[in-house]
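Shown here: start31.txt, compact mmCIF, C-alpha atoms and all ligand atoms.
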# COMPACT_ATOMS: atom_id res chain seq x y z
CA MET F 217 131.74 86.40 99.81
CA PRO F 218 133.83 89.54 99.21
CA THR F 219 134.04 92.23 101.84
CA PRO F 220 131.85 95.24 101.01
CA ASN F 221 133.51 97.47 98.43
CA PRO F 222 134.68 100.95 99.23
CA ILE F 223 132.23 103.55 97.89
CA SER F 224 134.43 104.42 94.90
CA THR F 225 134.46 100.94 93.27
CA PRO F 226 131.21 99.83 91.66
CA THR F 227 129.42 97.06 93.52
CA PRO F 228 129.53 93.91 91.36
CA ARG F 229 126.21 92.48 90.24
CA LEU F 230 125.37 89.22 91.98
CA THR F 231 125.99 86.29 89.61
CA ARG F 232 127.30 82.74 90.00
CA ALA F 233 130.73 83.91 88.78
CA SER F 234 130.99 86.98 91.03
CA ALA F 235 129.74 85.08 94.08
CA GLY F 236 131.89 82.01 93.37
CA ALA F 237 128.71 79.89 93.49
CA ARG F 238 128.40 76.37 92.09
CA PRO F 239 126.99 75.93 88.56
CA PRO F 240 123.20 75.61 88.43
CA ALA F 241 122.01 72.19 89.55
CA PRO F 242 120.10 70.07 87.00
CA VAL F 243 116.41 70.98 86.95
CA ARG F 244 114.46 68.25 88.73
CA ALA F 245 111.79 70.41 90.36
CA VAL F 246 109.45 72.94 88.78
CA HIS F 247 107.78 75.74 90.71
CA LEU F 248 104.71 77.75 89.77
CA GLY F 249 104.25 81.09 91.55
CA LEU F 250 107.78 82.46 91.84
CA GLY F 251 107.62 85.26 94.41
CA ALA F 252 109.17 86.19 97.73
CA PHE F 253 107.61 83.32 99.67
CA HIS F 254 108.88 80.55 97.39
CA ARG F 255 112.34 82.08 97.57
CA ALA F 256 112.31 82.39 101.39
CA HIS F 257 110.92 78.90 101.89
CA GLN F 258 110.93 75.99 99.40
CA ALA F 259 113.99 77.26 97.47
CA VAL F 260 115.94 77.44 100.75
CA TYR F 261 114.98 73.86 101.70
CA THR F 262 115.99 72.70 98.21
CA MET F 263 119.45 74.23 98.71
CA ALA F 264 120.07 71.50 101.26
CA ASP F 265 120.24 68.97 98.40
CA PRO F 266 122.74 70.11 95.75
CA ASP F 267 121.51 67.51 93.23
CA TRP F 268 118.23 69.35 92.77
CA GLY F 269 117.71 72.54 90.78
CA VAL F 270 114.43 74.41 90.36
CA ALA F 271 112.90 75.92 87.21
CA ALA F 272 110.58 78.61 88.61
CA TYR F 273 107.72 80.32 86.76
CA THR F 274 105.58 83.34 87.53
CA PHE F 275 102.56 84.70 85.74
CA ARG F 276 102.32 87.78 87.90
CA ASN F 277 105.62 89.47 87.52
CA ALA F 278 107.56 89.64 84.25
CA GLU F 279 110.36 91.66 85.84
CA LEU F 280 111.44 89.16 88.50
CA PRO F 281 112.40 86.29 86.14
CA ARG F 282 114.38 88.78 84.06
CA ARG F 283 116.31 90.03 87.10
CA LEU F 284 116.93 86.53 88.38
CA THR F 285 118.10 85.37 84.96
CA GLU F 286 120.64 88.23 84.92
CA GLN F 287 121.84 86.91 88.30
CA ASP F 288 121.93 83.23 87.16
CA GLY F 289 119.05 82.52 89.54
CA LEU F 290 120.93 83.80 92.62
CA TYR F 291 119.53 86.18 95.20
CA THR F 292 120.22 87.30 98.75
CA LEU F 293 118.04 86.10 101.59
CA GLN F 294 118.09 88.52 104.50
CA VAL F 295 116.98 86.86 107.68
CA ARG F 296 115.86 89.54 110.11
CA GLY F 297 115.46 88.87 113.78
CA ASP F 298 115.98 91.61 116.31
CA GLY F 299 119.69 92.23 115.59
CA GLU F 300 121.68 92.77 112.38
CA PRO F 301 120.18 90.77 109.46
CA GLN F 302 121.91 87.51 108.56
CA THR F 303 122.41 87.05 104.83
CA ARG F 304 122.66 84.00 102.67
CA ILE F 305 123.00 83.67 98.89
CA VAL F 306 120.42 81.15 97.67
CA ASP F 307 121.49 79.12 94.63
CA SER F 308 118.83 76.45 94.12
CA ILE F 309 116.91 78.25 91.36
CA SER F 310 118.60 77.10 88.17
CA ARG F 311 116.24 78.92 85.82
CA ALA F 312 113.51 81.56 86.20
CA HIS F 313 110.84 82.14 83.54
CA PRO F 314 107.85 84.33 82.90
CA GLY F 315 104.72 82.22 82.85
CA GLY F 316 104.12 83.18 79.24
CA ASP F 317 107.07 80.98 78.27
CA THR F 318 104.63 78.17 77.52
CA ASP F 319 106.97 76.00 75.45
CA ARG F 320 109.51 75.93 78.24
CA TRP F 321 106.82 75.19 80.83
CA LEU F 322 105.47 72.28 78.80
CA ALA F 323 108.97 70.96 78.14
CA ASP F 324 109.90 71.12 81.83
CA LEU F 325 106.79 69.31 82.94
CA ALA F 326 107.24 66.65 80.27
CA SER F 327 110.90 66.12 81.18
CA PRO F 328 111.81 62.68 82.59
CA ASP F 329 114.29 64.45 84.90
CA VAL F 330 111.52 66.40 86.61
CA ALA F 331 110.02 64.66 89.64
CA LEU F 332 107.87 67.30 91.27
CA LEU F 333 105.99 70.54 90.90
CA THR F 334 105.62 72.87 93.88
CA LEU F 335 103.02 75.64 93.78
CA THR F 336 102.40 78.97 95.52
CA ILE F 337 99.44 80.32 93.56
CA THR F 338 97.57 81.98 96.51
CA GLU F 339 94.39 80.64 98.08
CA ALA F 340 92.39 82.05 95.18
CA GLY F 341 94.45 80.21 92.57
CA TYR F 342 92.81 76.89 93.40
CA ARG F 343 89.29 78.05 92.74
CA ALA F 344 89.80 79.38 89.22
CA ALA F 345 88.12 77.37 86.48
CA GLY F 346 90.63 74.82 85.37
CA ASN F 347 90.09 74.35 81.71
CA GLU F 348 90.92 77.86 80.59
CA ASP F 349 94.59 78.03 79.82
CA GLY F 350 95.05 81.34 81.64
CA SER F 351 94.38 80.00 85.12
CA ALA F 352 97.05 78.36 87.27
CA ILE F 353 95.08 75.12 87.31
CA GLY F 354 94.65 75.34 83.52
CA ARG F 355 98.40 75.58 83.12
CA VAL F 356 99.07 72.72 85.49
CA LEU F 357 96.61 70.61 83.54
CA ALA F 358 98.25 71.51 80.23
CA GLY F 359 101.63 70.52 81.70
CA LEU F 360 100.30 67.21 82.98
CA ARG F 361 98.64 66.45 79.65
CA GLY F 362 102.01 66.93 77.95
CA ARG F 363 103.73 64.72 80.51
CA HIS F 364 101.19 61.98 79.94
CA ARG F 365 101.73 62.18 76.17
CA ALA F 366 105.51 62.17 76.64
CA GLY F 367 105.45 58.75 78.32
CA GLY F 368 103.63 59.43 81.56
CA LEU F 369 106.33 59.17 84.20
CA PRO F 370 104.91 59.80 87.67
CA ILE F 371 105.15 63.19 89.38
CA ALA F 372 104.33 64.71 92.77
CA LEU F 373 102.37 67.98 93.04
CA VAL F 374 103.16 69.92 96.20
CA PRO F 375 100.87 72.91 96.89
CA CYS F 376 102.36 75.38 99.39
CA ASP F 377 99.41 77.72 100.06
CA ASN F 378 97.51 78.22 103.31
CA LEU F 379 94.41 76.13 102.70
CA PRO F 380 93.01 73.28 104.78
CA GLY F 381 93.83 70.02 102.98
CA ASN F 382 95.76 71.83 100.24
CA GLY F 383 96.78 68.52 98.58
CA SER F 384 93.16 67.40 98.28
CA VAL F 385 92.04 70.86 97.18
CA LEU F 386 94.58 70.75 94.35
CA ARG F 387 93.69 67.17 93.46
CA ASP F 388 89.99 68.06 93.21
CA ALA F 389 90.71 71.18 91.17
CA VAL F 390 92.92 69.28 88.70
CA ARG F 391 90.54 66.33 88.40
CA ASN F 392 87.53 68.60 87.90
CA ALA F 393 89.38 70.52 85.26
CA ALA F 394 90.21 67.21 83.54
CA GLU F 395 86.57 66.18 83.27
CA GLY F 396 85.82 65.71 79.61
CA GLU F 397 89.41 64.70 78.81
CA ASP F 398 90.04 61.20 77.52
CA SER F 399 89.85 58.39 80.03
CA GLY F 400 93.48 57.31 79.47
CA PHE F 401 94.66 60.67 80.74
CA ARG F 402 92.19 60.71 83.62
CA CYS F 403 93.29 57.23 84.77
CA TRP F 404 96.91 58.32 84.57
CA LEU F 405 96.09 61.33 86.75
CA GLU F 406 94.60 58.98 89.34
CA ASP F 407 97.48 56.53 89.32
CA HIS F 408 100.62 58.48 88.56
CA VAL F 409 100.12 61.97 89.94
CA SER F 410 100.53 62.30 93.68
CA PHE F 411 99.08 65.26 95.60
CA VAL F 412 101.06 66.05 98.74
CA ASP F 413 99.53 67.91 101.71
CA THR F 414 101.71 70.57 103.28
CA VAL F 415 101.82 73.14 106.06
CA VAL F 416 104.20 75.96 105.18
CA ASP F 417 105.29 78.73 107.49
CA ARG F 418 107.67 81.65 107.16
CA ILE F 419 106.59 85.27 107.45
CA THR F 420 107.89 86.98 104.30
CA PRO F 421 106.79 90.54 103.55
CA ALA F 422 106.96 92.12 100.11
CA THR F 423 110.46 93.38 99.30
CA THR F 424 111.11 97.14 99.28
CA ALA F 425 113.77 99.29 97.57
CA ASP F 426 115.64 99.65 100.88
CA ASP F 427 116.14 95.89 101.03
CA ALA F 428 118.43 95.99 97.99
CA VAL F 429 120.49 98.73 99.66
CA THR F 430 120.84 96.63 102.82
CA ALA F 431 121.70 93.53 100.76
CA ALA F 432 124.49 95.44 98.98
CA ARG F 433 125.83 96.80 102.27
CA LEU F 434 125.88 93.38 103.90
CA THR F 435 127.12 91.22 101.02
CA GLY F 436 129.03 93.55 98.74
CA PHE F 437 126.85 92.53 95.79
CA ASP F 438 124.35 94.49 93.77
CA ASP F 439 121.22 92.31 93.98
CA HIS F 440 118.08 93.32 92.07
CA ALA F 441 115.98 90.54 93.59
CA PRO F 442 116.63 90.28 97.34
CA VAL F 443 114.18 88.67 99.77
CA VAL F 444 113.60 89.53 103.44
CA THR F 445 112.26 86.98 105.88
CA GLU F 446 112.17 85.97 109.55
CA PRO F 447 114.41 83.41 111.29
CA PHE F 448 111.55 80.96 111.91
CA SER F 449 110.72 78.47 109.17
CA GLU F 450 108.59 75.33 109.12
CA TRP F 451 107.56 72.83 106.45
CA LEU F 452 105.45 69.78 107.21
CA LEU F 453 104.53 67.37 104.42
CA ALA F 454 102.34 64.29 104.10
CA GLY F 455 102.15 62.28 100.89
CA GLU F 456 104.05 60.29 98.28
CA PHE F 457 106.88 61.32 95.97
CA PRO F 458 106.76 58.58 93.31
CA ALA F 459 109.73 59.98 91.35
CA GLY F 460 111.84 61.01 94.35
CA ARG F 461 112.41 64.34 96.08
CA PRO F 462 115.20 66.51 97.46
CA ALA F 463 116.44 65.70 100.96
CA TRP F 464 114.41 68.62 102.35
CA GLU F 465 114.67 67.05 105.80
CA ASN F 466 118.35 68.12 105.78
CA ALA F 467 117.03 71.67 106.11
CA GLY F 468 114.45 70.77 108.76
CA ALA F 469 111.35 69.76 106.75
CA ARG F 470 109.29 67.08 108.51
CA PHE F 471 107.43 64.26 106.80
CA VAL F 472 104.43 63.20 108.86
CA GLY F 473 101.47 60.84 108.48
CA ASP F 474 98.71 63.31 109.18
CA LEU F 475 98.82 67.05 109.04
CA ALA F 476 95.33 68.00 110.19
CA ALA F 477 96.17 69.16 113.73
CA TYR F 478 99.23 71.18 112.60
CA GLU F 479 97.34 72.67 109.74
CA GLN F 480 94.56 73.77 112.07
CA ARG F 481 97.09 75.29 114.48
CA LYS F 482 98.80 77.25 111.71
CA LEU F 483 95.61 78.43 110.02
CA TRP F 484 93.71 79.39 113.16
CA PHE F 485 96.46 80.74 115.39
CA LEU F 486 98.91 82.35 112.99
CA ASN F 487 96.85 83.13 109.91
CA GLY F 488 93.64 83.73 111.88
CA ALA F 489 95.37 86.31 114.09
CA HIS F 490 96.91 87.89 110.98
CA THR F 491 93.49 88.24 109.38
CA LEU F 492 91.97 89.62 112.59
CA LEU F 493 94.73 92.26 112.80
CA ALA F 494 94.64 93.00 109.05
CA TYR F 495 91.01 94.14 109.33
CA THR F 496 90.98 95.72 112.79
CA GLY F 497 94.50 97.21 112.90
CA PRO F 498 94.04 99.88 110.23
CA ALA F 499 90.87 101.05 112.01
CA LEU F 500 93.03 101.74 115.07
CA GLY F 501 95.78 103.47 113.14
CA CYS F 502 98.22 100.55 112.83
CA ALA F 503 99.98 99.74 109.54
CA THR F 504 102.05 96.67 110.38
CA VAL F 505 101.70 93.48 112.41
CA ASP F 506 104.35 94.49 114.94
CA GLU F 507 102.62 97.84 115.54
CA ALA F 508 99.29 96.07 115.92
CA VAL F 509 100.45 93.60 118.56
CA ARG F 510 101.86 96.51 120.57
CA HIS F 511 98.48 98.27 120.57
CA PRO F 512 96.74 97.33 123.85
CA VAL F 513 93.28 96.87 122.33
CA LEU F 514 94.57 94.74 119.45
CA ALA F 515 96.89 92.76 121.72
CA ALA F 516 93.90 91.90 123.92
CA LEU F 517 91.80 90.95 120.90
CA THR F 518 94.60 88.69 119.65
CA GLU F 519 94.91 86.91 123.00
CA SER F 520 91.15 86.56 123.14
CA TRP F 521 91.14 85.07 119.62
CA TRP F 522 93.79 82.56 120.67
CA ASP F 523 91.83 81.64 123.84
CA THR F 524 88.72 81.13 121.72
CA ALA F 525 90.50 79.05 119.06
CA ALA F 526 92.22 76.96 121.78
CA ARG F 527 88.79 75.80 123.01
CA HIS F 528 88.24 73.99 119.71
CA ALA F 529 91.77 73.00 118.66
CA SER F 530 92.94 69.39 118.42
CA LEU F 531 96.49 69.76 119.77
CA PRO F 532 97.11 69.54 123.53
CA ALA F 533 96.91 72.76 125.54
CA GLU F 534 100.68 72.80 126.43
CA ASP F 535 101.56 72.71 122.74
CA LEU F 536 99.34 75.67 122.11
CA VAL F 537 100.78 77.69 124.97
CA ASP F 538 104.29 77.36 123.50
CA TYR F 539 103.03 78.05 120.02
CA ARG F 540 101.26 81.23 121.14
CA GLU F 541 104.31 82.52 122.97
CA ARG F 542 106.45 81.96 119.93
CA LEU F 543 103.86 83.58 117.64
CA LEU F 544 103.76 86.67 119.79
CA ARG F 545 107.55 86.94 119.55
CA ARG F 546 107.41 86.49 115.78
CA PHE F 547 104.63 89.05 115.37
CA SER F 548 106.40 91.60 117.60
CA SER F 549 109.76 91.42 115.82
CA ARG F 550 110.85 94.85 114.68
CA GLY F 551 113.08 93.32 112.02
CA ILE F 552 110.15 92.67 109.69
CA ARG F 553 107.65 95.28 108.53
CA HIS F 554 104.72 93.13 107.57
CA HIS F 555 101.98 95.36 106.20
CA LEU F 556 98.43 94.67 107.35
CA LEU F 557 96.96 95.80 104.04
CA HIS F 558 99.01 93.13 102.31
CA ILE F 559 97.51 90.46 104.57
CA ALA F 560 94.05 91.97 103.96
CA VAL F 561 94.17 90.86 100.31
CA GLY F 562 91.78 88.03 99.40
CA GLY F 563 89.58 87.98 102.52
CA SER F 564 86.87 85.94 100.81
CA GLN F 565 89.36 83.05 100.55
CA LYS F 566 91.10 83.58 103.88
CA ILE F 567 88.24 84.18 106.31
CA PRO F 568 86.53 80.82 105.61
CA ALA F 569 89.78 78.93 106.29
CA ARG F 570 91.00 80.97 109.25
CA ILE F 571 88.05 82.43 111.18
CA LEU F 572 84.81 80.65 110.31
CA PRO F 573 85.58 77.17 111.69
CA VAL F 574 86.09 78.66 115.17
CA LEU F 575 83.12 81.00 114.82
CA ARG F 576 80.81 78.13 113.85
CA ALA F 577 82.01 76.03 116.79
CA GLU F 578 81.30 78.96 119.12
CA ARG F 579 77.87 79.67 117.65
CA SER F 580 76.89 76.04 118.10
CA ARG F 581 77.43 76.73 121.82
CA GLN F 582 75.45 79.98 121.60
CA ARG F 583 78.52 82.13 122.19
CA LEU F 584 79.33 85.37 120.36
CA PRO F 585 83.14 85.46 120.25
CA GLU F 586 84.28 89.08 120.18
CA PRO F 587 87.49 88.58 118.15
CA ALA F 588 85.72 86.70 115.33
CA ILE F 589 83.02 89.37 115.24
CA ALA F 590 85.73 92.03 115.21
CA ALA F 591 87.42 90.34 112.23
CA LEU F 592 84.14 90.26 110.27
CA ALA F 593 83.27 93.85 111.19
CA GLY F 594 86.76 94.99 110.19
CA TRP F 595 86.41 93.15 106.89
CA LEU F 596 83.12 94.94 106.25
CA ILE F 597 84.75 98.32 106.88
CA HIS F 598 87.62 97.29 104.60
CA LEU F 599 85.16 96.36 101.83
CA ARG F 600 83.29 99.63 102.27
CA ASP F 601 86.20 102.04 102.58
CA ARG F 602 89.29 100.70 100.88
CA GLU F 603 90.50 99.62 97.51
CA VAL F 604 89.77 95.89 97.64
CA ALA F 605 92.01 93.21 96.16
CA ASP F 606 90.02 90.00 96.12
CA PRO F 607 88.96 87.62 93.34
CA ARG F 608 85.37 88.45 94.33
CA ALA F 609 85.99 92.17 94.91
CA ASP F 610 83.20 93.62 92.72
CA GLU F 611 80.52 91.40 94.16
CA LEU F 612 81.66 91.84 97.78
CA VAL F 613 82.06 95.60 97.61
CA ALA F 614 78.52 95.94 96.22
CA LEU F 615 77.14 93.66 98.95
CA ALA F 616 79.03 95.45 101.73
CA ARG F 617 77.72 98.84 100.64
CA ALA F 618 74.06 97.74 100.62
CA ASP F 619 71.82 98.61 103.59
CA ASP F 620 72.03 95.21 105.23
CA GLY F 621 75.67 94.81 104.22
CA ALA F 622 76.71 92.58 107.13
CA ARG F 623 74.09 89.95 106.30
CA ARG F 624 74.77 90.10 102.59
CA VAL F 625 78.53 89.80 102.90
CA LEU F 626 78.16 86.90 105.31
CA SER F 627 75.78 85.21 102.89
CA ALA F 628 78.53 85.33 100.24
CA ILE F 629 80.80 83.16 102.40
CA ASP F 630 78.36 81.15 104.56
CA THR F 631 74.58 81.15 104.20
CA ASP F 632 73.93 79.66 107.65
CA LEU F 633 75.90 82.38 109.37
CA ALA F 634 74.00 84.98 107.34
CA ASP F 635 70.73 83.61 108.76
CA ASP F 636 72.04 84.00 112.31
CA ARG F 637 70.35 87.27 113.28
CA GLU F 638 72.14 87.61 116.59
CA LEU F 639 75.49 87.32 114.84
CA VAL F 640 74.58 89.78 112.09
CA THR F 641 73.48 92.35 114.68
CA ALA F 642 76.69 91.81 116.65
CA VAL F 643 78.77 92.42 113.51
CA ASP F 644 76.81 95.61 112.72
CA ASP F 645 77.27 96.88 116.26
CA TYR F 646 80.98 96.13 116.08
CA VAL F 647 81.31 98.14 112.88
CA ASP F 648 79.98 101.14 114.83
CA HIS F 649 82.33 100.34 117.68
CA LEU F 650 85.38 100.24 115.36
CA ARG F 651 84.32 103.40 113.56
CA HIS F 652 83.99 105.13 116.90
CA SER F 653 87.52 103.92 117.73
CA VAL F 654 88.80 105.51 114.50
CA ARG F 655 87.32 108.81 115.58
CA SER F 656 88.90 108.55 119.02
CA ASN F 657 92.29 107.47 117.52
CA PRO F 658 92.64 109.77 114.50
C1 LIG U 1 99.57 85.90 105.87
C2 LIG U 1 100.50 84.76 105.45
O1 LIG U 1 99.28 87.29 103.98
C3 LIG U 1 98.75 86.44 104.72
O2 LIG U 1 97.61 86.04 104.53
O3 LIG U 1 98.73 85.46 106.90
O4 LIG U 1 101.15 85.04 104.26
C4 LIG U 1 101.51 84.41 106.56
O5 LIG U 1 102.44 85.46 106.73
C5 LIG U 1 102.25 83.15 106.24
O6 LIG U 1 101.32 82.11 106.12
C6 LIG U 1 103.28 82.82 107.33
O7 LIG U 1 103.76 81.55 107.16
Structure translated into structure tokens:
Amino acid sequence: MPTPNPISTPTPRLTRASAGARPPAPVRAVHLGLGAFHRAHQAVYTMADPDWGVAAYTFRNAELPRRLTEQDGLYTLQVRGDGEPQTRIVDSISRAHPGGDTDRWLADLASPDVALLTLTITEAGYRAAGNEDGSAIGRVLAGLRGRHRAGGLPIALVPCDNLPGNGSVLRDAVRNAAEGEDSGFRCWLEDHVSFVDTVVDRITPATTADDAVTAARLTGFDDHAPVVTEPFSEWLLAGEFPAGRPAWENAGARFVGDLAAYEQRKLWFLNGAHTLLAYTGPALGCATVDEAVRHPVLAALTESWWDTAARHASLPAEDLVDYRERLLRRFSSRGIRHHLLHIAVGGSQKIPARILPVLRAERSRQRLPEPAIAALAGWLIHLRDREVADPRADELVALARADDGARRVLSAIDTDLADDRELVTAVDDYVDHLRHSVRSNP
């Protein structure tokens, strides 16, 4: 890596030649959902095995594949703890493509060299109707159909989104979408396509313009696609890789028999607290996670959420104590500005995975857990007052703005909870409580 250039010389654009990086590795893995998280997580694990290159696709962002292509797939990862960021040039992406490059997508998935497909398509991506070509599942199905026709070598599908049982969710979505296809293809799907369960973890906010300036200062390269992330990273996987896989364990990935307890810990403790803060923090004037956990009211709500979740969690109490301490350190880090409104996206998919299992367990014991009620009340305020990004936005906003909004919104995600009058009243009261807090914290 060259030393940063003096101001007068132009900063060289980051490419394999300028960075002295190895040539792109042969493509053996395909990724769908190229964004910051894939580049801070799976792509970094894949770097640990130089025999594996990734062809990464995105349907959301036409600009990013163009920028990455100009940089031969390279980008700077800035790992921000509390001190100066550590940088690393990531070189495992061999090619980046816009999702509209259908011929390339089909060719990659049909290729005998390709052994796996990883996905980060958001929680909502798994619910979209599969047989329309525009949905993520539709595209996966088209790719698998082509692979079957091209000889049908086996492949592993590795979803990396925060859903309970993400491997089974993907399997069901793909198999449902394949209903009506010929039985030869459907049998092949059963026998030759493996669906791997995963727990993924690395807090990775959206990149800002300042990040490119910092990347240039620290590396001496002009990088139009940098990524910022935290030091912590975890990847747990359970399932088969019938055509092989990179040695991800060399970068710390763990292959385990059963993920359920870890998945619950991640979804309830980390993601659940995120969702709680995403909907209550803005009401108390906080914009980011680190600001929120420094606010005394929100810090107490977070601890109370963790105490409540711990009553129903499968892992031993000591494990959870350590996990909570570490989470609090991760959330408080000033190195990362993780915007609450970003986490607030897609509540209809996130709340059922993160908050409702604990709430139901508490209601079955006749308890009204304040933090879960606060999360629902905050969501209601969000639906009423803000611009909502959610696959069910239109429906939810209309429900939230009706007279008995709390009951109606709950009925959209869980009809039993909507019939729970005590709960609905508690949520309504908490909306008033949060609104009063806004007035006292302008
Ligand atoms: C966050 C996650 O935006 C969100 O919903 O809760 O992206 C979270 O930062 C990651 O799961 C951390 O691994």
How close does chain F get to ligand LIG 1 (chain U)? List, as JSON lines, each residue of chain F within 6 Å, its nearest atom pair and the distance in Å to one decimal, counting only C-alpha atoms and all ligand atoms.
{"residue": "F:Val416", "atom": "CA", "partner": "U:LIG1", "partner_atom": "O7", "distance": 5.9}
{"residue": "F:Asp417", "atom": "CA", "partner": "U:LIG1", "partner_atom": "O7", "distance": 3.2}
{"residue": "F:Arg418", "atom": "CA", "partner": "U:LIG1", "partner_atom": "O7", "distance": 3.9}
{"residue": "F:Ile419", "atom": "CA", "partner": "U:LIG1", "partner_atom": "C6", "distance": 4.1}
{"residue": "F:Asn487", "atom": "CA", "partner": "U:LIG1", "partner_atom": "O3", "distance": 4.2}
{"residue": "F:His490", "atom": "CA", "partner": "U:LIG1", "partner_atom": "O3", "distance": 5.1}
{"residue": "F:Ile559", "atom": "CA", "partner": "U:LIG1", "partner_atom": "O1", "distance": 3.7}
Point to revise | Near-Ala326 (chain F) list (9 Å; all atoms listed in the file; drop same-chain fewer than 6 positions) as a list in words | key: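 Within the cut-off, the hits are Gly359, Leu360, Arg361, Gly362, Arg363, His364, Arg365, Ala366, Gly367, Gly368 and Leu369 of chain F.
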Practice item. Tell me which of F:Val574, F:Leu475, F:Ile305, F:Ala252 sits closest to Ala235 (chain F), counting only C-alpha atoms. Key: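 Among the listed residues, F:Ile305 lies closest to Ala235 (chain F).
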Point to revise | Nearest-residue call for Val260 (chain F), choices F:Val306, F:Leu544, F:Val647, F:Leu536, using all atoms listed in the file | key: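 For Val260 (chain F), the nearest of the candidates is F:Val306.
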Check your understanding: Taking (70.4, 83.2, 118.1) in the file's coordinates as the center, which residues reach within 12 Å of it, counting all atoms listed in the file, put as a PyMOL selection string?
Key -> chain F and resi 578-584+632-642
Check your understanding: Which residue, F:Ala489, F:Ala432, F:Val509, F:Leu250, has the smallest gap to Pro228 (chain F) when you use only C-alpha atoms?
Key ->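 Closest to Pro228 (chain F), using only C-alpha atoms: F:Ala432.
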**Study point:** Distance criterion (all atoms listed in the file): nearest to Leu517 (chain F) out of F:Arg276, F:Arg651, F:Tyr261, F:Pro587
**Key:** F:Pro587
Point to revise | Pick from F:Arg343, F:His313, F:Arg433, F:Arg304 nearest to Ala389 (chain F), counting all atoms listed in the file | key: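 Using all atoms listed in the file, Ala389 (chain F) sits closest to F:Arg343.
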Review point. What is the CA of Asp407 (chain F)-CA of Leu386 (chain F) distance in Å, reported with one decimal?
Key: 15.4 Å
Point to revise | For Glu395 (chain F), the nearest of the candidates F:Leu357, F:Glu603, F:Leu322, F:Glu456, counting all atoms listed in the file | key: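 Closest residue, counting all atoms listed in the file: F:Leu357.
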**Study point:** Residue contacts of Ser310 (chain F) (12 Å, all atoms listed in the file) excluding same-chain residues fewer than 4 positions away, as a VMD selection string
**Key:** chain F and resid 231 to 232 237 to 247 259 262 to 263 266 to 273 281 284 to 291 306
Practice item. Quote the spacing between CA of Asp426 (chain F) and CA of Asp439 (chain F) in Å to one decimal place. Key: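 Atom-to-atom, CA of Asp426 (chain F) to CA of Asp439 (chain F), that is 11.5 Å.
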Point to revise | Interatomic distance, CA of Ala422 (chain F) to CA of Pro442 (chain F) (Å, one decimal) | key: 10.2 Å
Exercise for review: For Gly473 (chain F), list every protein, DNA or RNA residue within 9 Å, evaluated using only C-alpha atoms, and leave out those in the same chain fewer than 6 positions away; present the list as a PyMOL selection string.
Suggested key: chain F and resi 453-455
Restrict the calculation to only C-alpha atoms, then for each residue of region 470-547 of chain F with any atom at most 12 Å from an atom of region 375-384 of chain F give the closest atom pair and their distance in Å to one decimal, rows by chain and rising residue number, as a Markdown table.
| residue | atom | partner | partner_atom | distance |
| --- | --- | --- | --- | --- |
| F:Asp474 | CA | F:Gly381 | CA | 10.4 |
| F:Leu475 | CA | F:Gly381 | CA | 8.4 |
| F:Ala476 | CA | F:Gly381 | CA | 7.6 |
| F:Ala477 | CA | F:Pro380 | CA | 10.3 |
| F:Tyr478 | CA | F:Pro380 | CA | 10.2 |
| F:Glu479 | CA | F:Pro380 | CA | 6.6 |
| F:Gln480 | CA | F:Pro380 | CA | 7.5 |
| F:Arg481 | CA | F:Pro380 | CA | 10.7 |
| F:Lys482 | CA | F:Asn378 | CA | 8.6 |
| F:Leu483 | CA | F:Asn378 | CA | 7.0 |
| F:Trp484 | CA | F:Pro380 | CA | 10.4 |
| F:Leu486 | CA | F:Asn378 | CA | 10.6 |
| F:Asn487 | CA | F:Asn378 | CA | 8.3 |
| F:Gly488 | CA | F:Asn378 | CA | 10.9 |
Would you mind exporting the chosen residues as a PDB file, in the coordinates of the input, restricted to C-alpha atoms?
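out.pdb, freshly written:
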ATOM      1  CA  ASP F 474      98.710  63.310 109.180  1.00  0.00           C
ATOM      2  CA  LEU F 475      98.820  67.050 109.040  1.00  0.00           C
ATOM      3  CA  ALA F 476      95.330  68.000 110.190  1.00  0.00           C
ATOM      4  CA  ALA F 477      96.170  69.160 113.730  1.00  0.00           C
ATOM      5  CA  TYR F 478      99.230  71.180 112.600  1.00  0.00           C
ATOM      6  CA  GLU F 479      97.340  72.670 109.740  1.00  0.00           C
ATOM      7  CA  GLN F 480      94.560  73.770 112.070  1.00  0.00           C
ATOM      8  CA  ARG F 481      97.090  75.290 114.480  1.00  0.00           C
ATOM      9  CA  LYS F 482      98.800  77.250 111.710  1.00  0.00           C
ATOM     10  CA  LEU F 483      95.610  78.430 110.020  1.00  0.00           C
ATOM     11  CA  TRP F 484      93.710  79.390 113.160  1.00  0.00           C
ATOM     12  CA  LEU F 486      98.910  82.350 112.990  1.00  0.00           C
ATOM     13  CA  ASN F 487      96.850  83.130 109.910  1.00  0.00           C
ATOM     14  CA  GLY F 488      93.640  83.730 111.880  1.00  0.00           C
TER      15      GLY F 488
END
